[in-house]
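Asks: Have a look at this one.
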Amino acid sequence: MHAPAPLANRHEWRRGWPVVLAAVIGSGAGPALFQNMSSLFVPGLTGEFGWTRGEIAMASGLGFAGSLAVPLLGRGVDRIGVRPTIAGCMTLLGLAYLGMAAMGGVLWHYHLLVLCLAMTVPGTSALVYGKLIAARFIAHRGLALGIATSGLPAATLLLPMVLDVVIAQHGWRGGFVALAIYSTLIAMPVALFAIRGAATQPRLPDGGMSAGVSAAAARRDARFWRLGFTGFFVNLGTIGFVTQMVPFGIARGLTARDAALLLTAFGASQIAARVVFGALIDRATPQRIAATVAFVSAGGFALLQSPDLGLAGLAAGVFLAGLMNGAENDLFPFFAARLFGLRAYGEIYGTLIVIALAGSGAGIVGFGALHDATGGDGAALAVAAAALAAAGLLYTGLRDTRAG
């Protein structure tokens with residue numbers, strides 16, 4: 001049975017909004033949420049098990065070895081469809097959280113469970129939702145992706161205070177149970193209901209974008225690697241920092257409650273970046289926008305190195321530093337579809353995710369290790385600033401010749 005033809009531009013939102021809603025809810029509950037929330041659990045884990053920040057970061061970083069399976073799973077999405085992928089991944093996600101709630105202090109158990117979280121990326125990210133949106137939106141694709149990927153920052157904005165209360169009353173184990181309930185019993189049913197009947201491919205060609213190239217051809221294109229390494233450097237800096245954000249705030253003299261507000265500032269930057277820049281890339285040169293935002297985020301990391309910042313100054317620095325992480329989540333699926341089409345979108349985007357998640361792992365391990373080695377966060381913040389500047393330079397040279 002053929003998928004429905006793409007709708008006229010003015011009607012894209014009329015039929016496409018349920019897919020965007022599903023993406024907001026589904027991607028907002030994925031393993032990236034744990035990345036952003038993980039620093040809330042660090043004090044409890046270190047207090048009960050005696051693990052150091054470096055040991056926790058090492059376990060989390062090594063867990064991203066699961067990302068090596070993402071291209072294979074992405075190929076499966078291209079063949080079996082998005083619904084089974086979403087259901088299977090979000091079920092595994094909830095089970096992994098329950099496993100974390102039952103941990104007994106063995107560090108490799110934590111490592112294994114984070115590995116399970118990484119395996120759920122295909123069904124909780126733009127790998128599935130980006131394909132659905134690219135099949136339905138042409139003129140407003142950037143804005144649709146911007147709104148669709150705002151689920152994670154919205155959750156990051158709203159959940160820290162909720163989880164802080166849950167952890168205060170029920171301990172860190174209760175916090176993991178709360179994440180399991182949210183991801184599997186709330187987010188998954190809503191997302192699956194919203195995408196019922198959604199097509200994954202447009203019938204007519206979209207400037208070559210629905211035809212596109214094979215995954216092998218994309219990997220032979222230098223733009224593929226340039227795009228992938230922008231994700232590597234962005235995640236190296238931003239994900240490495242966010243997993244240490246609450247301890248970072250406490251080390252700067254904040255209370256645990258005020259330090260959690262830094263996560264809220266990070267979430268606010270994600271929403272602002274994804275929606276605003278998602279709309280801009282429909283109207284302006286996306287490479288120029290991406291480079292500008294990357295350089296602004298590099299400046300945010302430089303600002304955070306100032307030793308005399310209070311809560312307001314730290315929140316402002318976190319907001320600026322987090323902007324590129326928000327924008328990159330629009331730009332990655334946008335460019336994957338724009339440059340290489342939808343023919344092998346799942347495998348192509350899945351491989352790009354591997355490169356980006358390698359940056360996440362390096363950042364998580366590096367931030368923790370540099371803290372333990374230097375006794376502070378200055379060196380890691382300097383590395384993050386340099387990484388964001390490198391991402392900006394890569395975007396300035398990204399050509400925009402479309403795949404055929």
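By order of appearance in the structure tokens: chains A, B, ..., then residues from 1 within every chain, and ligands from 1 in the order shown.
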Sort by chain and increasing residue number a table of all residues of stretch 80-127 of chain A within 12 Å of stretch 315-332 of chain A, each with its closest pair of atoms and their distance in Å to one decimal, counting only C-alpha atoms, and write it as a tab-separated table.
Replies:
```
residue	atom	partner	partner_atom	distance
A:Ser125	CA	A:Asn329	CA	9.4
A:Ala126	CA	A:Asn329	CA	8.2
A:Leu127	CA	A:Phe332	CA	10.1
```
Asks: Name the residues in contact with stretch 141-144 of chain A at a cut-off of 9 Å, using only C-alpha atoms, excluding same-chain residues fewer than 4 positions from it; report them as a ChimeraX atom specification.
Replies: /A:13,16-17,20,133-134,136-137,148-149,274-282,330-331,334
Asks: Keeping only N, CA, C and O atoms, write the selected residues as a tab-separated table (two decimals), in the first residue's frame.
Replies:
```tsv
chain	number	residue	atom	x	y	z
A	13	TRP	N	0.77	21.36	8.76
A	13	TRP	CA	0.52	21.27	10.20
A	13	TRP	C	-0.83	20.64	10.51
A	13	TRP	O	-0.99	20.01	11.56
A	16	GLY	N	0.06	17.00	10.13
A	16	GLY	CA	1.33	16.55	10.70
A	16	GLY	C	1.50	16.75	12.19
A	16	GLY	O	2.42	16.18	12.78
A	17	TRP	N	0.60	17.52	12.84
A	17	TRP	CA	0.83	17.85	14.24
A	17	TRP	C	0.82	16.63	15.17
A	17	TRP	O	1.56	16.62	16.17
A	20	VAL	N	4.33	15.35	15.36
A	20	VAL	CA	5.18	16.25	16.15
A	20	VAL	C	4.91	16.06	17.64
A	20	VAL	O	5.84	16.02	18.46
A	133	ILE	N	8.66	12.97	10.48
A	133	ILE	CA	8.46	14.40	10.22
A	133	ILE	C	8.94	14.76	8.82
A	133	ILE	O	8.28	15.52	8.09
A	134	ALA	N	10.09	14.21	8.41
A	134	ALA	CA	10.59	14.51	7.06
A	134	ALA	C	9.63	14.02	5.99
A	134	ALA	O	9.57	14.58	4.90
A	136	ARG	N	6.43	14.19	6.23
A	136	ARG	CA	5.21	14.98	6.26
A	136	ARG	C	5.43	16.47	6.08
A	136	ARG	O	4.50	17.20	5.74
A	137	PHE	N	6.63	16.96	6.34
A	137	PHE	CA	6.89	18.39	6.31
A	137	PHE	C	7.97	18.70	5.28
A	137	PHE	O	8.99	18.02	5.22
A	148	ALA	N	9.46	19.32	17.63
A	148	ALA	CA	9.48	17.89	17.94
A	148	ALA	C	10.58	17.54	18.92
A	148	ALA	O	10.40	16.70	19.81
A	149	THR	N	11.74	18.15	18.75
A	149	THR	CA	12.87	17.82	19.62
A	149	THR	C	12.88	18.64	20.91
A	149	THR	O	13.81	18.53	21.70
A	274	ARG	N	15.86	25.08	20.12
A	274	ARG	CA	15.22	24.16	19.18
A	274	ARG	C	14.07	24.83	18.43
A	274	ARG	O	13.93	24.65	17.21
A	275	VAL	N	13.25	25.59	19.13
A	275	VAL	CA	12.12	26.22	18.46
A	275	VAL	C	12.56	27.41	17.62
A	275	VAL	O	12.21	27.52	16.43
A	276	VAL	N	13.37	28.30	18.20
A	276	VAL	CA	13.78	29.51	17.48
A	276	VAL	C	14.65	29.16	16.28
A	276	VAL	O	14.40	29.60	15.15
A	277	PHE	N	15.66	28.33	16.49
A	277	PHE	CA	16.56	28.02	15.39
A	277	PHE	C	15.92	27.04	14.40
A	277	PHE	O	16.27	27.04	13.22
A	278	GLY	N	14.97	26.24	14.88
A	278	GLY	CA	14.23	25.39	13.96
A	278	GLY	C	13.46	26.22	12.96
A	278	GLY	O	13.38	25.89	11.77
A	279	ALA	N	12.88	27.33	13.43
A	279	ALA	CA	12.16	28.22	12.52
A	279	ALA	C	13.13	28.98	11.61
A	279	ALA	O	12.86	29.18	10.41
A	280	LEU	N	14.28	29.37	12.14
A	280	LEU	CA	15.23	30.14	11.34
A	280	LEU	C	15.82	29.34	10.18
A	280	LEU	O	16.05	29.90	9.11
A	281	ILE	N	16.06	28.05	10.39
A	281	ILE	CA	16.70	27.29	9.32
A	281	ILE	C	15.75	27.04	8.14
A	281	ILE	O	16.19	26.60	7.08
A	282	ASP	N	14.45	27.32	8.32
A	282	ASP	CA	13.53	27.28	7.19
A	282	ASP	C	13.64	28.54	6.34
A	282	ASP	O	13.15	28.57	5.22
A	330	ASP	N	18.12	19.85	16.28
A	330	ASP	CA	17.35	20.18	15.08
A	330	ASP	C	18.18	19.95	13.82
A	330	ASP	O	17.72	19.37	12.83
A	331	LEU	N	19.41	20.45	13.88
A	331	LEU	CA	20.25	20.49	12.68
A	331	LEU	C	20.68	19.10	12.22
A	331	LEU	O	20.78	18.85	11.02
A	334	PHE	N	17.81	17.46	10.39
A	334	PHE	CA	17.52	18.34	9.25
A	334	PHE	C	18.52	18.10	8.13
A	334	PHE	O	18.15	17.88	6.97
```
Asks: Mind checking which residues fall within 10 Å of A:Phe301, counting only C-alpha atoms, ignoring those fewer than 2 positions away in the same chain, and posting them as a list in words?
Replies: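 So, after excluding close chain neighbours, the residues are Gly237, Thr238, Phe241, Val296, Ser297, Ala298, Gly299, Leu303, Leu304, Gln305, Ser306, Gly317, Val318, Phe319, Leu320, Ala321, Gly322, Gly378, Ala380, Leu381, Ala382, Val383, Ala384, Ala385, Ala386 and Leu388 of chain A.
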Asks: Could you write out the selected residues, including C-alpha atoms, as an mmCIF file, in the first residue's frame?
Replies:
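Result file again.cif:
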```cif
data_model
loop_
_atom_site.group_PDB
_atom_site.id
_atom_site.type_symbol
_atom_site.label_atom_id
_atom_site.label_comp_id
_atom_site.auth_asym_id
_atom_site.auth_seq_id
_atom_site.Cartn_x
_atom_site.Cartn_y
_atom_site.Cartn_z
ATOM 1 C CA GLY A 237 31.303 19.645 25.611
ATOM 2 C CA THR A 238 27.625 19.855 26.475
ATOM 3 C CA PHE A 241 29.097 19.141 31.396
ATOM 4 C CA VAL A 296 27.925 31.562 21.359
ATOM 5 C CA SER A 297 27.927 28.293 23.317
ATOM 6 C CA ALA A 298 31.727 28.304 23.358
ATOM 7 C CA GLY A 299 31.481 31.746 24.943
ATOM 8 C CA LEU A 303 31.954 32.534 31.047
ATOM 9 C CA LEU A 304 31.469 29.596 33.411
ATOM 10 C CA GLN A 305 35.184 29.577 34.171
ATOM 11 C CA SER A 306 34.793 32.821 36.110
ATOM 12 C CA GLY A 317 26.444 30.725 31.554
ATOM 13 C CA VAL A 318 24.651 27.366 31.515
ATOM 14 C CA PHE A 319 21.914 28.814 29.290
ATOM 15 C CA LEU A 320 24.445 30.059 26.726
ATOM 16 C CA ALA A 321 26.566 26.914 26.902
ATOM 17 C CA GLY A 322 23.538 24.709 26.287
ATOM 18 C CA GLY A 378 38.280 24.565 34.952
ATOM 19 C CA ALA A 380 37.010 20.476 31.478
ATOM 20 C CA LEU A 381 35.240 23.788 30.816
ATOM 21 C CA ALA A 382 38.182 24.915 28.669
ATOM 22 C CA VAL A 383 38.008 21.683 26.657
ATOM 23 C CA ALA A 384 34.248 22.187 26.210
ATOM 24 C CA ALA A 385 34.739 25.732 24.916
ATOM 25 C CA ALA A 386 37.326 24.519 22.397
ATOM 26 C CA LEU A 388 32.129 24.025 20.591
#
```
Asks: Pick out the closest residue to A:Ala118 from this set: A:Gln35, A:Ser183, A:Ser269, A:Thr292. Count only C-alpha atoms.
Replies: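 Between A:Gln35, A:Ser183, A:Ser269, A:Thr292, the residue approaching A:Ala118 most closely is A:Gln35.
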Asks: When you look at A:Thr230 with a cut-off of 9 Å (counting only C-alpha atoms), what residues show up, excluding the ones that are within fewer than 2 positions of it in the same chain? I need them as a list in words.
Replies: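 The neighbour list is Trp225, Arg226, Leu227, Gly228, Phe232, Phe233, Val234, Asn235, Glu328, Phe332, Ala356, Ala387, Leu388, Ala390, Ala391, Gly392, Leu393, Leu394 and Tyr395 of chain A.
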Asks: Mind checking which residues fall within 9 Å of stretch 37-45 of chain A, counting only C-alpha atoms, ignoring those fewer than 2 positions away in the same chain, and posting them as a PyMOL selection string?
Replies: chain A and resi 32-35+47-53+56+105+156+159-160+163-164+167+171-173+175-176+242-247+256+260+263
Asks: Can you work out which one of A:Met90, A:Leu98, A:Leu370, A:Ala222 has the shortest atom-to-atom distance to A:Gly123, counting only C-alpha atoms?
Replies: A:Met90
Asks: Can you measure atom CA of A:Glu347 to atom CA of A:Pro333 for me? One decimal in Å is fine.
Replies: 12.2 Å
Asks: Using atom CA of A:Gly253 and atom CA of A:Met161 as the two end points, give the distance in Å to one decimal.
Replies: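 One can read the atom CA of A:Gly253 to atom CA of A:Met161 distance as 19.0 Å.
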Asks: At a cut-off of 12 Å, using only C-alpha atoms, what residues contact A:Ile86? Leave out same-chain residues fewer than 2 positions from it and give the result as a ChimeraX atom specification.
Replies: /A:22-23,25-27,29-30,73-74,76-77,80-84,88-93,119-129,183-184,187-193,195
